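Text of my_file16.pdb (PDB, C-alpha atoms) as supplied:
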```pdb
ATOM      1  CA  MET A 279      31.849  46.299 160.034  1.00  0.00           C
ATOM      2  CA  MET A 280      32.697  48.824 162.743  1.00  0.00           C
ATOM      3  CA  GLU A 281      35.932  46.924 163.365  1.00  0.00           C
ATOM      4  CA  ASN A 282      37.040  47.572 159.797  1.00  0.00           C
ATOM      5  CA  LYS A 283      39.369  50.583 160.177  1.00  0.00           C
ATOM      6  CA  VAL A 284      39.430  51.185 156.433  1.00  0.00           C
ATOM      7  CA  PHE A 285      35.642  51.288 156.221  1.00  0.00           C
ATOM      8  CA  LEU A 286      35.475  53.643 159.202  1.00  0.00           C
ATOM      9  CA  SER A 287      37.964  55.956 157.517  1.00  0.00           C
ATOM     10  CA  PHE A 288      35.968  55.756 154.289  1.00  0.00           C
ATOM     11  CA  THR A 289      32.782  56.548 156.211  1.00  0.00           C
ATOM     12  CA  PHE A 290      34.394  59.603 157.811  1.00  0.00           C
ATOM     13  CA  TYR A 291      35.617  61.096 154.516  1.00  0.00           C
ATOM     14  CA  SER A 292      32.415  60.191 152.681  1.00  0.00           C
ATOM     15  CA  THR A 293      30.356  61.957 155.309  1.00  0.00           C
ATOM     16  CA  ILE A 294      32.538  65.064 155.010  1.00  0.00           C
ATOM     17  CA  LEU A 295      31.957  65.026 151.241  1.00  0.00           C
ATOM     18  CA  ILE A 296      28.192  64.578 151.577  1.00  0.00           C
ATOM     19  CA  LEU A 297      28.071  67.485 154.040  1.00  0.00           C
ATOM     20  CA  LYS A 298      30.100  69.547 151.560  1.00  0.00           C
ATOM     21  CA  MET A 299      27.496  68.791 148.909  1.00  0.00           C
ATOM     22  CA  TYR A 300      24.756  69.970 151.270  1.00  0.00           C
ATOM     23  CA  VAL A 301      26.683  73.199 151.804  1.00  0.00           C
ATOM     24  CA  VAL A 302      26.923  73.761 148.041  1.00  0.00           C
ATOM     25  CA  ALA A 303      23.159  73.198 147.749  1.00  0.00           C
ATOM     26  CA  ILE A 304      22.527  75.744 150.507  1.00  0.00           C
ATOM     27  CA  ILE A 305      24.882  78.229 148.849  1.00  0.00           C
ATOM     28  CA  THR A 306      23.027  77.727 145.565  1.00  0.00           C
ATOM     29  CA  GLY A 307      19.730  78.538 147.269  1.00  0.00           C
ATOM     30  CA  GLN A 308      21.172  81.605 148.945  1.00  0.00           C
ATOM     31  CA  VAL A 309      22.616  82.887 145.662  1.00  0.00           C
ATOM     32  CA  ARG A 310      19.203  82.343 144.019  1.00  0.00           C
ATOM     33  CA  LEU A 311      17.548  84.439 146.722  1.00  0.00           C
ATOM     34  CA  ARG A 312      20.213  87.159 146.638  1.00  0.00           C
ATOM     35  CA  LYS A 313      20.205  87.387 142.836  1.00  0.00           C
ATOM     36  CA  LYS A 314      16.429  86.843 142.573  1.00  0.00           C
ATOM     37  CA  ALA A 315      16.875  84.161 139.928  1.00  0.00           C
ATOM     38  CA  PHE A 316      14.373  81.359 140.361  1.00  0.00           C
ATOM     39  CA  ALA A 317      14.098  78.100 138.442  1.00  0.00           C
ATOM     40  CA  ASN A 318      10.348  77.757 138.916  1.00  0.00           C
ATOM     41  CA  PRO A 319       7.610  80.307 138.180  1.00  0.00           C
ATOM     42  CA  GLU A 320       5.882  79.675 141.510  1.00  0.00           C
ATOM     43  CA  ASP A 321       9.090  80.560 143.341  1.00  0.00           C
ATOM     44  CA  ALA A 322       9.490  83.719 141.267  1.00  0.00           C
ATOM     45  CA  LEU A 323       5.885  84.746 141.959  1.00  0.00           C
ATOM     46  CA  ARG A 324       6.432  84.239 145.665  1.00  0.00           C
ATOM     47  CA  ASN A 325       9.580  86.378 145.550  1.00  0.00           C
ATOM     48  CA  GLY A 326       8.562  89.385 143.487  1.00  0.00           C
ATOM     49  CA  GLY A 327       7.098  88.269 140.180  1.00  0.00           C
ATOM     50  CA  LEU A 328       7.629  86.321 136.999  1.00  0.00           C
ATOM     51  CA  GLN A 329      10.440  88.639 135.907  1.00  0.00           C
ATOM     52  CA  PHE A 330      12.579  86.697 138.415  1.00  0.00           C
ATOM     53  CA  TYR A 331      11.863  83.384 136.682  1.00  0.00           C
ATOM     54  CA  ARG A 332      15.248  83.458 134.985  1.00  0.00           C
ATOM     55  CA  GLN A 333      18.778  82.172 134.927  1.00  0.00           C
ATOM     56  CA  ASP A 334      21.729  83.917 136.504  1.00  0.00           C
ATOM     57  CA  PRO A 335      25.427  83.224 135.805  1.00  0.00           C
ATOM     58  CA  ASP A 336      26.286  83.015 139.510  1.00  0.00           C
ATOM     59  CA  VAL A 337      23.466  80.567 140.214  1.00  0.00           C
ATOM     60  CA  GLU A 338      24.502  78.500 137.205  1.00  0.00           C
ATOM     61  CA  ARG A 339      28.098  78.405 138.493  1.00  0.00           C
ATOM     62  CA  CYS A 340      26.838  76.999 141.815  1.00  0.00           C
ATOM     63  CA  ARG A 341      24.701  74.458 139.978  1.00  0.00           C
ATOM     64  CA  ARG A 342      27.666  73.348 137.863  1.00  0.00           C
ATOM     65  CA  ALA A 343      29.788  72.922 140.985  1.00  0.00           C
ATOM     66  CA  HIS A 344      27.043  70.805 142.541  1.00  0.00           C
ATOM     67  CA  ARG A 345      26.601  68.713 139.385  1.00  0.00           C
ATOM     68  CA  ASN A 346      30.351  68.177 139.193  1.00  0.00           C
ATOM     69  CA  ASP A 347      30.249  66.925 142.790  1.00  0.00           C
ATOM     70  CA  MET A 348      27.556  64.417 141.893  1.00  0.00           C
ATOM     71  CA  GLU A 349      29.523  63.246 138.864  1.00  0.00           C
ATOM     72  CA  ASN A 350      32.605  62.598 140.983  1.00  0.00           C
ATOM     73  CA  ILE A 351      31.567  61.936 144.575  1.00  0.00           C
ATOM     74  CA  PHE A 352      28.944  59.303 143.758  1.00  0.00           C
ATOM     75  CA  PRO A 353      31.482  57.086 141.926  1.00  0.00           C
ATOM     76  CA  PHE A 354      33.915  57.619 144.823  1.00  0.00           C
ATOM     77  CA  LEU A 355      31.268  56.326 147.232  1.00  0.00           C
ATOM     78  CA  PHE A 356      30.986  53.097 145.257  1.00  0.00           C
ATOM     79  CA  LEU A 357      34.722  52.674 144.665  1.00  0.00           C
ATOM     80  CA  GLY A 358      35.640  53.479 148.263  1.00  0.00           C
ATOM     81  CA  ALA A 359      33.069  51.094 149.709  1.00  0.00           C
ATOM     82  CA  VAL A 360      34.189  48.186 147.523  1.00  0.00           C
ATOM     83  CA  TYR A 361      37.865  49.059 148.021  1.00  0.00           C
ATOM     84  CA  SER A 362      37.283  48.929 151.792  1.00  0.00           C
ATOM     85  CA  LEU A 363      36.206  45.306 151.426  1.00  0.00           C
ATOM     86  CA  LEU A 364      39.528  44.334 149.789  1.00  0.00           C
ATOM     87  CA  ASP A 365      41.399  44.605 153.103  1.00  0.00           C
ATOM     88  CA  PRO A 366      43.869  47.281 151.972  1.00  0.00           C
ATOM     89  CA  SER A 367      46.420  48.841 154.282  1.00  0.00           C
ATOM     90  CA  PRO A 368      44.545  51.259 156.574  1.00  0.00           C
ATOM     91  CA  THR A 369      47.234  53.913 156.087  1.00  0.00           C
ATOM     92  CA  VAL A 370      47.233  53.629 152.295  1.00  0.00           C
ATOM     93  CA  ALA A 371      43.430  53.644 152.219  1.00  0.00           C
ATOM     94  CA  ARG A 372      43.279  56.708 154.462  1.00  0.00           C
ATOM     95  CA  ILE A 373      45.689  58.501 152.108  1.00  0.00           C
ATOM     96  CA  HIS A 374      43.431  57.616 149.149  1.00  0.00           C
ATOM     97  CA  PHE A 375      40.348  58.952 150.937  1.00  0.00           C
ATOM     98  CA  LEU A 376      42.109  62.077 152.240  1.00  0.00           C
ATOM     99  CA  ILE A 377      43.511  63.028 148.831  1.00  0.00           C
ATOM    100  CA  PHE A 378      40.103  62.660 147.207  1.00  0.00           C
ATOM    101  CA  CYS A 379      38.349  64.624 149.959  1.00  0.00           C
ATOM    102  CA  VAL A 380      40.849  67.502 149.967  1.00  0.00           C
ATOM    103  CA  GLY A 381      40.872  67.592 146.159  1.00  0.00           C
ATOM    104  CA  ARG A 382      37.088  67.892 146.027  1.00  0.00           C
ATOM    105  CA  ILE A 383      37.003  70.595 148.689  1.00  0.00           C
ATOM    106  CA  VAL A 384      39.664  72.612 146.847  1.00  0.00           C
ATOM    107  CA  HIS A 385      37.798  72.039 143.573  1.00  0.00           C
ATOM    108  CA  THR A 386      34.573  73.413 145.042  1.00  0.00           C
ATOM    109  CA  ILE A 387      36.311  76.437 146.559  1.00  0.00           C
ATOM    110  CA  ALA A 388      38.049  77.132 143.251  1.00  0.00           C
ATOM    111  CA  TYR A 389      34.749  76.769 141.379  1.00  0.00           C
ATOM    112  CA  LEU A 390      32.648  78.971 143.658  1.00  0.00           C
ATOM    113  CA  LEU A 391      35.285  81.657 144.210  1.00  0.00           C
ATOM    114  CA  GLN A 392      36.361  81.624 140.556  1.00  0.00           C
ATOM    115  CA  LEU A 393      40.014  81.099 141.425  1.00  0.00           C
ATOM    116  CA  ARG A 394      42.556  81.416 138.658  1.00  0.00           C
ATOM    117  CA  ALA A 395      43.139  78.509 136.329  1.00  0.00           C
ATOM    118  CA  PRO A 396      44.470  75.869 136.636  1.00  0.00           C
ATOM    119  CA  THR A 397      43.529  75.622 140.338  1.00  0.00           C
ATOM    120  CA  ARG A 398      40.214  73.888 139.703  1.00  0.00           C
ATOM    121  CA  SER A 399      41.510  71.486 137.063  1.00  0.00           C
ATOM    122  CA  VAL A 400      44.548  70.551 139.182  1.00  0.00           C
ATOM    123  CA  ALA A 401      42.275  69.857 142.161  1.00  0.00           C
ATOM    124  CA  TYR A 402      40.024  67.754 139.932  1.00  0.00           C
ATOM    125  CA  SER A 403      42.950  65.782 138.533  1.00  0.00           C
ATOM    126  CA  VAL A 404      44.537  65.162 141.927  1.00  0.00           C
ATOM    127  CA  ALA A 405      41.196  63.912 143.287  1.00  0.00           C
ATOM    128  CA  GLN A 406      40.877  61.480 140.385  1.00  0.00           C
ATOM    129  CA  LEU A 407      44.174  59.737 141.151  1.00  0.00           C
ATOM    130  CA  PRO A 408      42.940  57.781 144.190  1.00  0.00           C
ATOM    131  CA  CYS A 409      39.745  56.874 142.322  1.00  0.00           C
ATOM    132  CA  PHE A 410      41.727  55.383 139.448  1.00  0.00           C
ATOM    133  CA  SER A 411      43.970  53.612 141.946  1.00  0.00           C
ATOM    134  CA  MET A 412      41.000  52.116 143.796  1.00  0.00           C
ATOM    135  CA  ALA A 413      39.287  51.128 140.535  1.00  0.00           C
ATOM    136  CA  LEU A 414      42.437  49.398 139.318  1.00  0.00           C
ATOM    137  CA  GLN A 415      42.869  47.529 142.615  1.00  0.00           C
ATOM    138  CA  ILE A 416      39.212  46.458 142.523  1.00  0.00           C
ATOM    139  CA  LEU A 417      39.616  45.173 138.977  1.00  0.00           C
ATOM    140  CA  LEU A 418      42.821  43.322 139.846  1.00  0.00           C
ATOM    141  CA  ALA A 419      41.159  41.710 142.858  1.00  0.00           C
ATOM    142  CA  THR A 420      38.043  40.682 140.947  1.00  0.00           C
ATOM    143  CA  THR A 421      39.559  39.635 137.616  1.00  0.00           C
ATOM    144  CA  PRO A 422      39.927  35.982 138.699  1.00  0.00           C
ATOM    145  CA  TYR A 423      36.137  35.878 139.156  1.00  0.00           C
ATOM    146  CA  TRP A 424      35.316  37.277 135.719  1.00  0.00           C
TER     147      TRP A 424
END
```
As structure tokens:
Amino acid sequence: MMENKVFLSFTFYSTILILKMYVVAIITGQVRLRKKAFANPEDALRNGGLQFYRQDPDVERCRRAHRNDMENIFPFLFLGAVYSLLDPSPTVARIHFLIFCVGRIVHTIAYLLQLRAPTRSVAYSVAQLPCFSMALQILLATTPYW
């Protein structure tokens, strides 16, 4: 498997994306602490009282960014892994993985920094292109076995 250049490229970009998700989770926690907006009463009690057991728009924005990552990165992990097994061109595969990775990073930055529209939606759409491409290639390769 470590001789498969496509899989190694996929592993690199997937790891970057997983680390990005960890960063968003850490940012969410930091915003919770800064805004004193806790999701659980025990956390609020530990940090000043039940009045801090509440929602905050900034915390919710971070949570939405994280949820959006899960909705998009998890399918990419499946598609990219299977696509890597199809023996695609290493250069074409790397372009697929790079476009998705950069698109997701830009999407997260646009989400968290509240950049002007349509920055976030363009980043989302661009990142979806390689996923649709990989899904189509997987379907074409597996259709004879249906």
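Compared by their closest atoms to Arg342 (chain A), and using only C-alpha atoms, the residues A:Ala303, A:Ala395, A:Ala315, A:Leu364 rank with A:Ala303 nearest.
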Exercise. Between A:Ser292, A:Ser362, A:Asn282, A:Gln308, which one has atoms that come closest to Cys379 (chain A), using only C-alpha atoms?
Worked result: A:Ser292
For this session: Decode the PyMOL selection byres ((chain A and resi 399) around 12) for the given file into explicit residues and return them as a list in words.
Result: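 Evaluating the PyMOL selection byres ((chain A and resi 399) around 12) on this file yields Asn346, Gly381, Arg382, Val384, His385, Thr386, Ile387, Ala388, Tyr389, Gln392, Leu393, Arg394, Ala395, Pro396, Thr397, Arg398, Val400, Ala401, Tyr402, Ser403, Val404, Ala405 and Gln406 of chain A.
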For this session: Can you turn the PyMOL selection byres ((chain A and resi 298-300) around 10) into a concrete residue list for this file, as a list in words?
Result: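 Applied to this file, the PyMOL selection byres ((chain A and resi 298-300) around 10) selects Ser292, Thr293, Ile294, Leu295, Ile296, Leu297, Val301, Val302, Ala303, Ile304, Ile305, Thr306, Ala343, His344, Arg345, Asp347, Met348, Ile351, Cys379, Arg382, Ile383 and Thr386 of chain A.
You will find CA of Arg339 (chain A) at 12.1 Å from CA of Gly307 (chain A).
Note that CA of Leu391 (chain A) and CA of Asn350 (chain A) are 19.5 Å apart.
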Exercise. With all atoms listed in the file as the basis for distance, which of A:Gly327, A:Phe288, A:Arg372, A:Leu407 is at the shortest distance from Phe356 (chain A)?
Worked result: A:Phe288
For this session: Write out as a PyMOL selection string the residues lying within 8 Å of Phe316 (chain A), counting all atoms listed in the file and excluding same-chain residues fewer than 2 positions away.
Result: chain A and resi 310-311+314+318-319+321-322+330-333
Exercise. Taking the file as shown, what set of residues would the PyMOL selection byres ((chain A and resi 365) around 12) give back, as a list in words?
Worked result: Met279, Glu281, Asn282, Lys283, Val284, Phe285, Gly358, Ala359, Val360, Tyr361, Ser362, Leu363, Leu364, Pro366, Ser367, Pro368, Thr369, Val370, Ala371, Met412, Gln415, Ile416 and Ala419 of chain A
Exercise. With all atoms listed in the file as the atoms that count, which of A:Cys409, A:Ile377, A:Val309, A:Leu417 lies nearest to Phe354 (chain A)?
Worked result: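 Of all the options, A:Cys409 lies closest to Phe354 (chain A).
The space between CA of Phe410 (chain A) and CA of Thr289 (chain A) spans 19.0 Å.
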For this session: Find the residues near Asp334 (chain A): any atom within 8 Å, counting only C-alpha atoms, skip ones fewer than 3 places away on the same chain, and give them as a PyMOL selection string.
Result: chain A and resi 313+315+337-338
All file atoms of region 390-402 of chain A boxed axis-aligned, 4 Å per side, centre plus edges, as AutoDock Vina command-line options:
```
--center_x 38.6 --center_y 74.7 --center_z 140.3 --size_x 19.9 --size_y 21.9 --size_z 15.9
```
Exercise. With all atoms listed in the file as the atoms that count, which of A:Tyr423, A:Pro353, A:Ala413, A:Ile373 lies nearest to Ser287 (chain A)?
Worked result: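 Counting all atoms listed in the file, the residue closest to Ser287 (chain A) is A:Ile373.
Distances here use all atoms listed in the file; by that measure, the residue among A:Leu323, A:Leu357, A:Met280, A:Leu390 closest to Ser411 (chain A) is A:Leu357.
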